Amino acid sequence: MSQAGWLIVVYGLLLAISFSSTALAIECLASDHEALLDFKNGLKDSHSRLSSWRNTNCCQWHGIYCDNITGAVIAIDLRNPQPVDSSPRKNEMWNLSGELRPSLMKLKSLRHLDLSFNTFNELPIPKFLGSLVNLQYLNLSNAGFTGLVPPHLGNLSHLKSLDLTDYSLHVENLQWMVGLVSLKYLVLDGVDLSLLAETDWVSALGQFPYLIELHLSYCQLSGHIPSPPSHNFTSLAVLDLSTNNFVSKIPDWLVNITTLQYIDIGLSGLYGKIPLGLRDLPKLQYLNLWDNNNLTASCSELFMKGWGKIEQLGLSFNKLYGTLPSSLGNLTSLTYLDLSFNAIEGVIPSSIGQLCNLNSLDLSENNMAGTLPEFLQGIDN
């Protein structure tokens, strides 16, 4: 999971807490019980994760959560509990596979569906998922699906969180997303978006007024990052466009999103001057622009002021030049600073000793002279 996923994690935890409060005495609906049994029959469960799916009260089954008044099934959480285990063989034991049966459509109150990190054997994402109109949370990340993301998902007007992270999926256009009017968290990391290269994907994704997180890393986006005449990123806190194939300057609209806390556009083919407006974003805590190779900035200008809340700053493998000003010492919230492999020169300012929260510092492969304060010499660098 990326560092930027913390808001999604918090959202998922809040949902889990609300689901786990369901009283065990509640009896599930007979129709939901029947639908889940049919759903189970389509799955291959090599580790018997669904061994509890036997008695008549499906509200007591593993991964099933019910409304504590009506008994209707409101959540299915069958994500692989060990997605990052060091033993692939052990992961396979926990994997669910098989097929997703359309009996899921009979769960009229279903709001939460998580099948992430399972192995659905390169099946396409079922179109019928677009009929689960009450869904608020859908996570199919790293679950073995392949092919086109079905436009039918655009029918999920109540959906707040959508995670389709996978390297075997692709999207032809974004027109279907117009219906996702409640969306707050969108994660498409690894999904092939190369067909969007010549379209204004920024305008399309900028129509979600409640969007808090947008993750589009490793998506094969290329060309110029569009600058739409208008956008509606009024709530955006996290933007990850890292590891794409842009040939683009950092767009002007980015520095106008005052809600941003996290920006990652590393290893993405950016060039030109780093906008000084980034330092004035009032909530920005994390900025990663590493390994773009052709981004430039005068250090005396870049660190003259601002960066009020910055905690992690990665600008390595670019073309920063000039000397580090003493005002760098004002960035007292910094825990991570990487300015390596640039063209910075001059003396390391003594004010760097004011960065008492630093636990990682890298100034290597520049043309600087001087020594670091003793307490900084022992940190990770």
# chains A, B, ... in the order shown; residues from 1 in each chain; ligands from 1
$ residues_around --residues "Trp253 (chain A)" --least-positions-apart "5" --cutoff "9 Å" --atoms "only C-alpha atoms" --output "PyMOL selection string"
chain A and resi 227-228+230-231
$ residues_around --residues "Leu260 (chain A)" --least-positions-apart "4" --cutoff "9 Å" --atoms "only C-alpha atoms" --output "PDB file with N, CA and C atoms, in the first residue's frame"
ATOM      1  N   ILE A 212     -11.174  13.204  -2.612  1.00  0.00           N
ATOM      2  CA  ILE A 212     -10.124  13.482  -1.637  1.00  0.00           C
ATOM      3  C   ILE A 212      -8.790  12.892  -2.084  1.00  0.00           C
ATOM      4  N   SER A 235     -11.647  19.491  -2.877  1.00  0.00           N
ATOM      5  CA  SER A 235     -11.412  18.717  -1.662  1.00  0.00           C
ATOM      6  C   SER A 235     -10.167  17.850  -1.750  1.00  0.00           C
ATOM      7  N   LEU A 236      -9.437  17.909  -2.851  1.00  0.00           N
ATOM      8  CA  LEU A 236      -8.346  16.973  -3.110  1.00  0.00           C
ATOM      9  C   LEU A 236      -7.202  17.163  -2.115  1.00  0.00           C
ATOM     10  N   ALA A 237      -6.858  16.077  -1.423  1.00  0.00           N
ATOM     11  CA  ALA A 237      -5.767  16.100  -0.456  1.00  0.00           C
ATOM     12  C   ALA A 237      -4.562  15.302  -0.938  1.00  0.00           C
ATOM     13  N   VAL A 238      -4.798  14.241  -1.716  1.00  0.00           N
ATOM     14  CA  VAL A 238      -3.725  13.348  -2.156  1.00  0.00           C
ATOM     15  C   VAL A 238      -3.766  13.221  -3.670  1.00  0.00           C
ATOM     16  N   LEU A 239      -2.618  13.478  -4.322  1.00  0.00           N
ATOM     17  CA  LEU A 239      -2.497  13.323  -5.774  1.00  0.00           C
ATOM     18  C   LEU A 239      -1.232  12.531  -6.071  1.00  0.00           C
ATOM     19  N   LEU A 254      -2.112  23.063 -10.502  1.00  0.00           N
ATOM     20  CA  LEU A 254      -1.769  22.275  -9.323  1.00  0.00           C
ATOM     21  C   LEU A 254      -1.543  23.161  -8.097  1.00  0.00           C
ATOM     22  N   VAL A 255      -0.921  24.298  -8.297  1.00  0.00           N
ATOM     23  CA  VAL A 255      -0.580  25.152  -7.149  1.00  0.00           C
ATOM     24  C   VAL A 255      -1.786  25.940  -6.633  1.00  0.00           C
ATOM     25  N   LEU A 281       1.540  26.168  -0.645  1.00  0.00           N
ATOM     26  CA  LEU A 281       0.348  25.367  -0.378  1.00  0.00           C
ATOM     27  C   LEU A 281       0.233  25.165   1.135  1.00  0.00           C
ATOM     28  N   PRO A 282      -0.840  25.622   1.757  1.00  0.00           N
ATOM     29  CA  PRO A 282      -0.883  25.739   3.220  1.00  0.00           C
ATOM     30  C   PRO A 282      -0.908  24.410   3.970  1.00  0.00           C
ATOM     31  N   LYS A 283      -1.314  23.311   3.300  1.00  0.00           N
ATOM     32  CA  LYS A 283      -1.439  22.033   3.998  1.00  0.00           C
ATOM     33  C   LYS A 283      -0.448  20.979   3.513  1.00  0.00           C
ATOM     34  N   LEU A 284       0.425  21.349   2.591  1.00  0.00           N
ATOM     35  CA  LEU A 284       1.298  20.362   1.962  1.00  0.00           C
ATOM     36  C   LEU A 284       2.299  19.785   2.957  1.00  0.00           C
ATOM     37  N   GLN A 285       2.271  18.448   3.097  1.00  0.00           N
ATOM     38  CA  GLN A 285       3.170  17.740   3.999  1.00  0.00           C
ATOM     39  C   GLN A 285       4.178  16.867   3.253  1.00  0.00           C
TER      40      GLN A 285
END
$ residues_around --residues "Leu140 (chain A)" --least-positions-apart "4" --cutoff "7 Å" --atoms "only C-alpha atoms" --output "PyMOL selection string"
chain A and resi 114-116+163-164
$ write_last_selection --atoms "N, CA and C atoms" --output "PDB file, in the first residue's frame"
ATOM      1  N   ASP A 114     -15.249  -6.085  -0.715  1.00  0.00           N
ATOM      2  CA  ASP A 114     -13.790  -6.105  -0.789  1.00  0.00           C
ATOM      3  C   ASP A 114     -13.332  -7.526  -1.111  1.00  0.00           C
ATOM      4  N   LEU A 115     -12.771  -7.698  -2.313  1.00  0.00           N
ATOM      5  CA  LEU A 115     -12.247  -8.991  -2.765  1.00  0.00           C
ATOM      6  C   LEU A 115     -10.765  -8.883  -3.104  1.00  0.00           C
ATOM      7  N   SER A 116     -10.082  -7.913  -2.567  1.00  0.00           N
ATOM      8  CA  SER A 116      -8.714  -7.598  -2.953  1.00  0.00           C
ATOM      9  C   SER A 116      -7.725  -8.700  -2.589  1.00  0.00           C
ATOM     10  N   ASP A 163     -11.229   1.102  -5.722  1.00  0.00           N
ATOM     11  CA  ASP A 163      -9.829   0.713  -5.870  1.00  0.00           C
ATOM     12  C   ASP A 163      -9.755  -0.459  -6.842  1.00  0.00           C
ATOM     13  N   LEU A 164      -9.160  -0.208  -8.011  1.00  0.00           N
ATOM     14  CA  LEU A 164      -9.013  -1.228  -9.049  1.00  0.00           C
ATOM     15  C   LEU A 164      -7.544  -1.488  -9.357  1.00  0.00           C
TER      16      LEU A 164
END
$ residues_around --residues "Asn244 (chain A)" --least-positions-apart "3" --cutoff "12 Å" --atoms "only C-alpha atoms" --output "JSON list (two decimals) with C-alpha atoms, in the first residue's frame"
[["chain", "number", "residue", "atom", "x", "y", "z"],
["A", 189, "ASP", "CA", -2.62, 2.40, -9.88],
["A", 190, "GLY", "CA", -1.25, 0.16, -12.62],
["A", 191, "VAL", "CA", -4.39, 0.32, -14.76],
["A", 192, "ASP", "CA", -3.47, 1.02, -18.39],
["A", 193, "LEU", "CA", -4.74, 4.52, -19.22],
["A", 194, "SER", "CA", -2.57, 5.00, -22.31],
["A", 197, "ALA", "CA", -3.11, 10.33, -23.46],
["A", 215, "HIS", "CA", -4.02, 7.66, -7.39],
["A", 216, "LEU", "CA", -2.87, 7.18, -11.00],
["A", 217, "SER", "CA", 0.67, 5.81, -10.66],
["A", 218, "TYR", "CA", 2.10, 3.38, -13.24],
["A", 219, "CYS", "CA", -0.83, 4.11, -15.58],
["A", 220, "GLN", "CA", 1.15, 4.72, -18.82],
["A", 221, "LEU", "CA", -0.15, 8.26, -19.07],
["A", 222, "SER", "CA", 1.93, 10.25, -21.54],
["A", 223, "GLY", "CA", 2.29, 13.58, -23.24],
["A", 224, "HIS", "CA", 1.35, 16.89, -21.70],
["A", 225, "ILE", "CA", -0.57, 17.06, -18.44],
["A", 240, "ASP", "CA", -0.25, 10.52, -7.05],
["A", 241, "LEU", "CA", 0.75, 10.66, -10.72],
["A", 247, "VAL", "CA", 6.62, 15.10, -21.36],
["A", 248, "SER", "CA", 5.21, 18.02, -19.48],
["A", 264, "ASP", "CA", 3.86, 12.52, -5.86],
["A", 265, "ILE", "CA", 4.87, 13.04, -9.49],
["A", 266, "GLY", "CA", 8.21, 11.30, -9.28],
["A", 267, "LEU", "CA", 9.82, 9.47, -12.23],
["A", 268, "SER", "CA", 7.33, 10.91, -14.69],
["A", 269, "GLY", "CA", 9.21, 12.88, -17.35],
["A", 270, "LEU", "CA", 8.55, 16.38, -16.06],
["A", 291, "ASP", "CA", 14.09, 11.45, -10.85],
["A", 292, "ASN", "CA", 12.42, 13.68, -13.38]]
$ residues_around --residues "Leu162 (chain A)" --least-positions-apart "2" --cutoff "9 Å" --atoms "only C-alpha atoms" --output "ChimeraX atom specification"
/A:136-140,159-160,164,183-188
$ write_last_selection --atoms "N, CA and C atoms" --output "PDB file, in the first residue's frame"
ATOM      1  N   GLN A 136     -21.083   1.566  -1.609  1.00  0.00           N
ATOM      2  CA  GLN A 136     -20.322   2.757  -1.271  1.00  0.00           C
ATOM      3  C   GLN A 136     -18.813   2.505  -1.335  1.00  0.00           C
ATOM      4  N   TYR A 137     -18.442   1.235  -1.243  1.00  0.00           N
ATOM      5  CA  TYR A 137     -17.022   0.874  -1.193  1.00  0.00           C
ATOM      6  C   TYR A 137     -16.813  -0.369  -2.048  1.00  0.00           C
ATOM      7  N   LEU A 138     -15.905  -0.283  -3.040  1.00  0.00           N
ATOM      8  CA  LEU A 138     -15.598  -1.416  -3.911  1.00  0.00           C
ATOM      9  C   LEU A 138     -14.094  -1.514  -4.064  1.00  0.00           C
ATOM     10  N   ASN A 139     -13.530  -2.641  -3.631  1.00  0.00           N
ATOM     11  CA  ASN A 139     -12.090  -2.859  -3.723  1.00  0.00           C
ATOM     12  C   ASN A 139     -11.837  -4.192  -4.413  1.00  0.00           C
ATOM     13  N   LEU A 140     -11.364  -4.119  -5.645  1.00  0.00           N
ATOM     14  CA  LEU A 140     -11.003  -5.303  -6.435  1.00  0.00           C
ATOM     15  C   LEU A 140      -9.510  -5.296  -6.746  1.00  0.00           C
ATOM     16  N   LEU A 159     -21.220   5.300  -4.786  1.00  0.00           N
ATOM     17  CA  LEU A 159     -19.873   4.809  -4.507  1.00  0.00           C
ATOM     18  C   LEU A 159     -18.970   5.953  -4.032  1.00  0.00           C
ATOM     19  N   LYS A 160     -18.316   5.716  -2.882  1.00  0.00           N
ATOM     20  CA  LYS A 160     -17.393   6.708  -2.326  1.00  0.00           C
ATOM     21  C   LYS A 160     -15.941   6.309  -2.522  1.00  0.00           C
ATOM     22  N   LEU A 164      -9.160  -0.208  -8.011  1.00  0.00           N
ATOM     23  CA  LEU A 164      -9.013  -1.228  -9.049  1.00  0.00           C
ATOM     24  C   LEU A 164      -7.544  -1.488  -9.357  1.00  0.00           C
ATOM     25  N   LEU A 183     -18.019  10.064  -5.414  1.00  0.00           N
ATOM     26  CA  LEU A 183     -16.685   9.497  -5.270  1.00  0.00           C
ATOM     27  C   LEU A 183     -15.756  10.387  -4.435  1.00  0.00           C
ATOM     28  N   LYS A 184     -15.073   9.739  -3.475  1.00  0.00           N
ATOM     29  CA  LYS A 184     -14.093  10.426  -2.638  1.00  0.00           C
ATOM     30  C   LYS A 184     -12.684   9.874  -2.831  1.00  0.00           C
ATOM     31  N   TYR A 185     -12.584   8.570  -3.082  1.00  0.00           N
ATOM     32  CA  TYR A 185     -11.278   7.914  -3.188  1.00  0.00           C
ATOM     33  C   TYR A 185     -11.234   7.104  -4.481  1.00  0.00           C
ATOM     34  N   LEU A 186     -10.310   7.448  -5.365  1.00  0.00           N
ATOM     35  CA  LEU A 186     -10.175   6.743  -6.637  1.00  0.00           C
ATOM     36  C   LEU A 186      -8.742   6.255  -6.775  1.00  0.00           C
ATOM     37  N   VAL A 187      -8.565   4.928  -6.866  1.00  0.00           N
ATOM     38  CA  VAL A 187      -7.240   4.329  -6.977  1.00  0.00           C
ATOM     39  C   VAL A 187      -7.216   3.444  -8.216  1.00  0.00           C
ATOM     40  N   LEU A 188      -6.457   3.871  -9.221  1.00  0.00           N
ATOM     41  CA  LEU A 188      -6.322   3.120 -10.466  1.00  0.00           C
ATOM     42  C   LEU A 188      -4.853   2.793 -10.736  1.00  0.00           C
TER      43      LEU A 188
END
$ residues_around --residues "Leu337 (chain A)" --least-positions-apart "6" --cutoff "9 Å" --atoms "only C-alpha atoms" --output "list in words"
Glu311, Gln312, Leu313, Gly314, Leu315, Leu358, Asn359, Ser360, Leu361, Asp362 and Leu363 of chain A
$ residues_around --residues "region 353-356 of chain A" --least-positions-apart "5" --cutoff "7 Å" --atoms "only C-alpha atoms" --output "list of chain:residue names"
A:Gly329, A:Leu331, A:Thr332, A:Leu334, A:Pro373
$ closest_residue --among "A:Gly71, A:Gly308, A:Pro349, A:Gly154" --to "Asn330 (chain A)" --atoms "only C-alpha atoms"
A:Gly308
$ select_by_dssp --residues "region 31-237 of chain A" --states "helix (DSSP H, G or I)" --output "ChimeraX atom specification"
/A:31-41,58-60,88-94,102-106,127-131,151-155,175-179,194-196,201-205
$ atom_distance --atom1 "CA of Val133 (chain A)" --atom2 "CA of Tyr210 (chain A)"
18.7 Å
$ closest_atom_pairs --of "region 98-182 of chain A" --to "region 33-41 of chain A" --cutoff "8 Å" --atoms "only C-alpha atoms" --output "CSV"
residue,atom,partner,partner_atom,distance
A:Leu100,CA,A:Phe39,CA,6.7
A:Arg101,CA,A:Phe39,CA,5.4
A:Pro102,CA,A:Phe39,CA,7.7
A:Ser103,CA,A:Ala35,CA,5.2
A:Leu104,CA,A:Ala35,CA,6.4
A:Lys106,CA,A:Ala35,CA,6.2
A:Leu107,CA,A:Ala35,CA,7.1
